[in-house]
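The next block holds one structure in the form of structure tokens; read it before the comments.
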Amino acid sequence: MPILLDAEPAPLPFDPRTTALVIIDMQRDFLEPGGFGESLGNDVGLLAAAVGPCRALLAAARSAGLLVVHTREGHAPDLSDAPPAKLERGAPTARIGAPGPMGRILIRGEPGHDIVPALAPLPGEPVIDKPGKGAFYATDLARVLEARAIATLLVCGVTTEVCVHTTVREANDRGYRCVVVSDACGSYIPEFHAAGLAMIKAQGGIFGWVSDSAAVVAALNAGG
Ligand code: TIU
């Protein structure tokens, strides 16, 4: 039976069996001091508010039996998958691959690349390592979703206007219904967070729907 989710610009019916929770890049490198986010000149504390709502979504999604997908942005230790245009971001001493307090910045296998402990994946939950902003680019995400006949994505994580938005745009073009969970996303630039959410639901939901964690948890609990 489809469940009706309270969302904007309109309520969205969804079937938990064909819905996935996609948690974007909730990594120490973005949320904690000494990582990639801070190297770009950002106040990483601005992302902390998204952790609790993500945790509530994760618990409800696991209880309801949803596919849960985690993503991590990062690069190979030899930087072979990092284009020069990306490597040039940030201060030269704190660029991707440079040593930092959480290991080499944004490099797979380093402590900073890990998902924050509060949102640690369970064994069996797919973890998609991505070199780009979008979670479909150069990854197996499409095949993971196709294998479970997923049609609807509940998307949260960081940052709203960068990796969440890019992933939702990629997913929208691939035919997925995307719900961005507003309070479970975060940005270093609050006005971009607000604008990013507004862009998703404008023009009749040009990229998808916007809801919040309380509404999604209520809908998932009602479906159980
Ligand atoms: N800089 C910024 O806002 N975000 C990123 O670089 N990556 C993600 O959003 N994950």
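Ordered as shown in the structure tokens, chains take letters A, B, and onward, while each chain numbers its residues from 1 and ligands are numbered from 1 in the order shown.
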Hey, which bits of chain A sit within 9 Å of ligand 1, and for each residue what's the closest pair of atoms and how far apart in Å (one decimal), counting only C-alpha atoms and all ligand atoms, rows by chain and increasing number, as JSON lines?
{"residue": "A:Ile24", "atom": "CA", "partner": "ligand 1", "partner_atom_place_in_ligand_line": "10 (N)", "distance": 6.7}
{"residue": "A:Asp25", "atom": "CA", "partner": "ligand 1", "partner_atom_place_in_ligand_line": "10 (N)", "distance": 5.1}
{"residue": "A:Met26", "atom": "CA", "partner": "ligand 1", "partner_atom_place_in_ligand_line": "10 (N)", "distance": 7.7}
{"residue": "A:Gln27", "atom": "CA", "partner": "ligand 1", "partner_atom_place_in_ligand_line": "10 (N)", "distance": 8.4}
{"residue": "A:Phe30", "atom": "CA", "partner": "ligand 1", "partner_atom_place_in_ligand_line": "10 (N)", "distance": 7.2}
{"residue": "A:Phe36", "atom": "CA", "partner": "ligand 1", "partner_atom_place_in_ligand_line": "6 (O)", "distance": 7.5}
{"residue": "A:Gly37", "atom": "CA", "partner": "ligand 1", "partner_atom_place_in_ligand_line": "1 (N)", "distance": 5.9}
{"residue": "A:Leu40", "atom": "CA", "partner": "ligand 1", "partner_atom_place_in_ligand_line": "1 (N)", "distance": 7.0}
{"residue": "A:Asn42", "atom": "CA", "partner": "ligand 1", "partner_atom_place_in_ligand_line": "1 (N)", "distance": 8.2}
{"residue": "A:Thr71", "atom": "CA", "partner": "ligand 1", "partner_atom_place_in_ligand_line": "10 (N)", "distance": 8.9}
{"residue": "A:Arg72", "atom": "CA", "partner": "ligand 1", "partner_atom_place_in_ligand_line": "10 (N)", "distance": 7.7}
{"residue": "A:Glu73", "atom": "CA", "partner": "ligand 1", "partner_atom_place_in_ligand_line": "10 (N)", "distance": 6.1}
{"residue": "A:Gly132", "atom": "CA", "partner": "ligand 1", "partner_atom_place_in_ligand_line": "7 (N)", "distance": 8.2}
{"residue": "A:Lys133", "atom": "CA", "partner": "ligand 1", "partner_atom_place_in_ligand_line": "7 (N)", "distance": 6.0}
{"residue": "A:Gly134", "atom": "CA", "partner": "ligand 1", "partner_atom_place_in_ligand_line": "10 (N)", "distance": 8.6}
{"residue": "A:Gly157", "atom": "CA", "partner": "ligand 1", "partner_atom_place_in_ligand_line": "10 (N)", "distance": 7.9}
{"residue": "A:Val158", "atom": "CA", "partner": "ligand 1", "partner_atom_place_in_ligand_line": "9 (O)", "distance": 5.0}
{"residue": "A:Thr159", "atom": "CA", "partner": "ligand 1", "partner_atom_place_in_ligand_line": "9 (O)", "distance": 3.9}
{"residue": "A:Thr160", "atom": "CA", "partner": "ligand 1", "partner_atom_place_in_ligand_line": "9 (O)", "distance": 6.8}
{"residue": "A:Glu161", "atom": "CA", "partner": "ligand 1", "partner_atom_place_in_ligand_line": "3 (O)", "distance": 7.0}
{"residue": "A:Val162", "atom": "CA", "partner": "ligand 1", "partner_atom_place_in_ligand_line": "9 (O)", "distance": 4.4}
{"residue": "A:Cys163", "atom": "CA", "partner": "ligand 1", "partner_atom_place_in_ligand_line": "9 (O)", "distance": 3.8}
{"residue": "A:Val164", "atom": "CA", "partner": "ligand 1", "partner_atom_place_in_ligand_line": "9 (O)", "distance": 6.5}
{"residue": "A:His165", "atom": "CA", "partner": "ligand 1", "partner_atom_place_in_ligand_line": "9 (O)", "distance": 8.4}
{"residue": "A:Thr166", "atom": "CA", "partner": "ligand 1", "partner_atom_place_in_ligand_line": "9 (O)", "distance": 8.7}
{"residue": "A:Ser187", "atom": "CA", "partner": "ligand 1", "partner_atom_place_in_ligand_line": "3 (O)", "distance": 6.4}
{"residue": "A:Tyr188", "atom": "CA", "partner": "ligand 1", "partner_atom_place_in_ligand_line": "3 (O)", "distance": 6.5}
{"residue": "A:Ile189", "atom": "CA", "partner": "ligand 1", "partner_atom_place_in_ligand_line": "3 (O)", "distance": 8.2}
Margin query: Which residues are near stretch 105-121 of chain A? Cut-off 8 Å, only C-alpha atoms, ignore same chain within fewer than 4 positions. Put them as a PyMOL selection string.
Written below: chain A and resi 25-29+31+35-36+51+54-55+58+70+72-77+94-100+125+127
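Among A:Pro123, A:Gly204, A:Val155, A:Thr18, the residue with the shortest atom-to-atom distance to A:Cys178, counting only C-alpha atoms, is A:Val155.
Taking atom CA of A:Gly124 and atom CA of A:Ala56 as endpoints, the distance between them is 19.4 Å.
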Note to self: I'd like the interatomic distance between atom CA of A:Phe207 and atom CA of A:Val144, to a tenth of an Å.
What the structure shows: 21.4 Å
List every residue of stretch 27-183 of chain A that DSSP, applied to the backbone, labels as helix (DSSP H, G or I), and write the result as a CSV table (one decimal) with N, CA and C atoms, in the first residue's frame.
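As a result, selection.csv now contains:
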chain,number,residue,atom,x,y,z
A,28,ARG,N,33.4,12.9,8.4
A,28,ARG,CA,34.2,13.8,9.3
A,28,ARG,C,34.8,14.9,8.5
A,29,ASP,N,35.2,14.7,7.3
A,29,ASP,CA,35.9,15.7,6.5
A,29,ASP,C,35.0,16.9,6.2
A,30,PHE,N,33.7,16.8,6.3
A,30,PHE,CA,32.8,17.9,6.1
A,30,PHE,C,32.3,18.5,7.4
A,31,LEU,N,32.2,17.6,8.4
A,31,LEU,CA,31.5,18.0,9.7
A,31,LEU,C,32.4,18.3,10.8
A,36,PHE,N,38.2,18.7,4.9
A,36,PHE,CA,38.0,19.4,3.6
A,36,PHE,C,37.2,20.6,3.7
A,37,GLY,N,36.0,20.5,4.5
A,37,GLY,CA,35.1,21.6,4.6
A,37,GLY,C,35.8,22.9,5.2
A,38,GLU,N,36.6,22.6,6.3
A,38,GLU,CA,37.3,23.7,6.9
A,38,GLU,C,38.4,24.3,6.0
A,39,SER,N,39.0,23.4,5.2
A,39,SER,CA,40.1,23.8,4.3
A,39,SER,C,39.6,24.8,3.3
A,44,VAL,N,32.5,24.6,10.0
A,44,VAL,CA,31.9,23.3,9.9
A,44,VAL,C,30.8,23.1,10.9
A,45,GLY,N,30.8,23.9,12.0
A,45,GLY,CA,29.8,23.8,13.0
A,45,GLY,C,28.4,24.0,12.5
A,46,LEU,N,28.3,24.6,11.3
A,46,LEU,CA,27.0,24.9,10.7
A,46,LEU,C,26.3,23.6,10.2
A,47,LEU,N,27.0,22.6,10.1
A,47,LEU,CA,26.4,21.3,9.6
A,47,LEU,C,25.9,20.4,10.7
A,48,ALA,N,26.3,20.7,12.0
A,48,ALA,CA,26.0,19.8,13.1
A,48,ALA,C,24.5,19.6,13.3
A,49,ALA,N,23.7,20.6,12.9
A,49,ALA,CA,22.2,20.4,13.2
A,49,ALA,C,21.6,19.3,12.3
A,50,ALA,N,22.3,18.9,11.3
A,50,ALA,CA,21.7,17.9,10.4
A,50,ALA,C,21.8,16.5,10.9
A,51,VAL,N,22.8,16.3,11.9
A,51,VAL,CA,23.1,14.9,12.3
A,51,VAL,C,21.9,14.3,13.0
A,52,GLY,N,21.2,15.0,13.9
A,52,GLY,CA,20.1,14.4,14.7
A,52,GLY,C,19.0,14.0,13.7
A,53,PRO,N,18.5,14.9,12.9
A,53,PRO,CA,17.5,14.5,11.9
A,53,PRO,C,17.9,13.3,11.0
A,54,CYS,N,19.2,13.3,10.6
A,54,CYS,CA,19.6,12.2,9.8
A,54,CYS,C,19.5,10.9,10.6
A,55,ARG,N,19.9,11.0,11.9
A,55,ARG,CA,19.8,9.8,12.7
A,55,ARG,C,18.4,9.3,12.9
A,56,ALA,N,17.5,10.2,13.0
A,56,ALA,CA,16.0,9.8,13.1
A,56,ALA,C,15.5,9.2,11.9
A,57,LEU,N,16.0,9.7,10.7
A,57,LEU,CA,15.6,9.1,9.4
A,57,LEU,C,16.2,7.7,9.3
A,58,LEU,N,17.4,7.6,9.7
A,58,LEU,CA,18.1,6.3,9.6
A,58,LEU,C,17.4,5.3,10.4
A,59,ALA,N,17.1,5.6,11.6
A,59,ALA,CA,16.4,4.6,12.5
A,59,ALA,C,15.0,4.2,11.9
A,60,ALA,N,14.3,5.2,11.4
A,60,ALA,CA,12.9,4.9,10.9
A,60,ALA,C,13.0,4.1,9.6
A,61,ALA,N,14.0,4.4,8.8
A,61,ALA,CA,14.2,3.7,7.5
A,61,ALA,C,14.6,2.3,7.8
A,62,ARG,N,15.5,2.1,8.7
A,62,ARG,CA,15.9,0.7,9.1
A,62,ARG,C,14.7,-0.1,9.6
A,63,SER,N,13.9,0.5,10.5
A,63,SER,CA,12.7,-0.2,11.1
A,63,SER,C,11.7,-0.5,10.0
A,64,ALA,N,11.6,0.3,9.0
A,64,ALA,CA,10.6,0.1,7.9
A,64,ALA,C,11.1,-0.8,6.8
A,84,PRO,N,42.5,18.2,-11.9
A,84,PRO,CA,43.2,19.4,-11.5
A,84,PRO,C,42.2,20.5,-11.0
A,85,ALA,N,41.2,20.7,-11.8
A,85,ALA,CA,40.2,21.8,-11.4
A,85,ALA,C,39.7,21.6,-10.0
A,86,LYS,N,39.6,20.4,-9.5
A,86,LYS,CA,39.1,20.2,-8.2
A,86,LYS,C,40.3,20.3,-7.2
A,87,LEU,N,41.4,19.8,-7.6
A,87,LEU,CA,42.6,19.8,-6.6
A,87,LEU,C,43.0,21.3,-6.3
A,92,PRO,N,46.8,26.2,-0.6
A,92,PRO,CA,47.7,25.1,-1.0
A,92,PRO,C,48.1,24.1,0.0
A,93,THR,N,48.3,24.6,1.3
A,93,THR,CA,48.7,23.7,2.4
A,93,THR,C,47.6,22.8,2.9
A,94,ALA,N,46.4,23.0,2.4
A,94,ALA,CA,45.2,22.3,2.9
A,94,ALA,C,44.3,21.8,1.8
A,111,PRO,N,41.1,8.7,8.3
A,111,PRO,CA,40.0,8.9,9.3
A,111,PRO,C,39.0,10.0,8.9
A,112,GLY,N,39.4,11.1,8.3
A,112,GLY,CA,38.5,12.1,7.9
A,112,GLY,C,37.5,11.7,6.8
A,113,HIS,N,37.8,10.7,6.1
A,113,HIS,CA,36.9,10.2,5.1
A,113,HIS,C,35.7,9.4,5.6
A,117,PRO,N,30.4,8.9,13.5
A,117,PRO,CA,30.0,7.7,14.2
A,117,PRO,C,28.5,7.6,14.4
A,118,ALA,N,27.8,8.7,14.6
A,118,ALA,CA,26.4,8.7,14.9
A,118,ALA,C,25.6,8.1,13.7
A,119,LEU,N,26.2,8.1,12.5
A,119,LEU,CA,25.4,7.7,11.4
A,119,LEU,C,26.2,6.5,10.7
A,141,LEU,N,25.9,3.4,-8.1
A,141,LEU,CA,24.6,3.7,-7.5
A,141,LEU,C,23.5,3.3,-8.3
A,142,ALA,N,23.5,3.6,-9.6
A,142,ALA,CA,22.4,3.2,-10.5
A,142,ALA,C,22.1,1.7,-10.4
A,143,ARG,N,23.2,0.9,-10.5
A,143,ARG,CA,23.0,-0.5,-10.4
A,143,ARG,C,22.4,-1.0,-9.1
A,144,VAL,N,22.9,-0.4,-8.0
A,144,VAL,CA,22.4,-0.7,-6.7
A,144,VAL,C,20.9,-0.4,-6.6
A,145,LEU,N,20.4,0.7,-7.1
A,145,LEU,CA,19.0,1.1,-7.1
A,145,LEU,C,18.2,0.2,-8.0
A,146,GLU,N,18.7,-0.1,-9.2
A,146,GLU,CA,18.0,-0.9,-10.1
A,146,GLU,C,17.8,-2.3,-9.6
A,147,ALA,N,18.8,-2.8,-8.9
A,147,ALA,CA,18.6,-4.2,-8.4
A,147,ALA,C,17.5,-4.3,-7.4
A,160,THR,N,23.7,21.0,1.2
A,160,THR,CA,22.4,21.1,0.5
A,160,THR,C,22.6,21.5,-1.0
A,161,GLU,N,23.4,22.5,-1.2
A,161,GLU,CA,23.4,23.1,-2.6
A,161,GLU,C,24.5,22.5,-3.4
A,162,VAL,N,25.4,21.6,-2.8
A,162,VAL,CA,26.5,21.1,-3.6
A,162,VAL,C,26.2,19.6,-3.8
A,163,CYS,N,26.5,18.7,-2.9
A,163,CYS,CA,26.4,17.3,-3.3
A,163,CYS,C,25.0,16.7,-3.2
A,164,VAL,N,24.2,17.3,-2.3
A,164,VAL,CA,22.7,16.9,-2.2
A,164,VAL,C,22.1,17.3,-3.5
A,165,HIS,N,22.3,18.6,-3.9
A,165,HIS,CA,21.6,19.1,-5.1
A,165,HIS,C,22.1,18.4,-6.4
A,166,THR,N,23.4,18.2,-6.5
A,166,THR,CA,23.9,17.6,-7.7
A,166,THR,C,23.3,16.1,-7.8
A,167,THR,N,23.3,15.4,-6.7
A,167,THR,CA,22.7,14.1,-6.7
A,167,THR,C,21.3,14.1,-7.1
A,168,VAL,N,20.5,15.0,-6.5
A,168,VAL,CA,19.1,15.1,-6.8
A,168,VAL,C,18.9,15.4,-8.3
A,169,ARG,N,19.7,16.3,-8.8
A,169,ARG,CA,19.5,16.7,-10.3
A,169,ARG,C,19.8,15.4,-11.2
A,170,GLU,N,20.9,14.7,-10.8
A,170,GLU,CA,21.2,13.5,-11.5
A,170,GLU,C,20.1,12.5,-11.5
A,171,ALA,N,19.5,12.3,-10.3
A,171,ALA,CA,18.5,11.3,-10.0
A,171,ALA,C,17.2,11.7,-10.8
A,172,ASN,N,16.9,13.0,-10.8
A,172,ASN,CA,15.7,13.5,-11.4
A,172,ASN,C,15.8,13.2,-12.9
A,173,ASP,N,16.9,13.4,-13.5
A,173,ASP,CA,17.1,13.1,-15.0
A,173,ASP,C,17.0,11.7,-15.2
Notebook entry, point to check: Rounded to one decimal in Å, what is the spacing between atom CA of A:Gly175 and atom CA of A:Ala7?
Noted result: 18.6 Å
Next item on the list: Might you pull out every residue within 7 Å of A:Leu67, with only C-alpha atoms counted and same-chain residues fewer than 6 positions away left off, and present them as a list in words?
Entry: Thr19, Ala20 and Leu21 of chain A
Next item on the list: Check stretch 25-208 of chain A with DSSP on the backbone and list each residue it calls strand (DSSP E), as an MDAnalysis selection string.
Entry: chainID A and resid 67:73 99:100 103:104 127:130 152:158 177:186
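Neighbouring residues of A:Trp209 at 7 Å or closer, counting only C-alpha atoms and skipping chain neighbours under 5 positions away, are Ala7, Glu8, Pro9, Cys178, Val179, Val180, Ile200 and Lys201 of chain A.
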Saved selection, atoms kept: C-alpha atoms, as a compact mmCIF listing (two decimals), in the first residue's frame:
# COMPACT_ATOMS: atom_id res chain seq x y z
CA ALA A 7 5.66 17.31 1.30
CA GLU A 8 5.86 20.40 -0.88
CA PRO A 9 4.76 21.33 -3.45
CA CYS A 178 13.34 12.66 -5.05
CA VAL A 179 12.32 13.99 -1.65
CA VAL A 180 14.87 16.30 -0.04
CA ILE A 200 13.86 21.73 -5.65
CA LYS A 201 10.18 22.39 -5.07
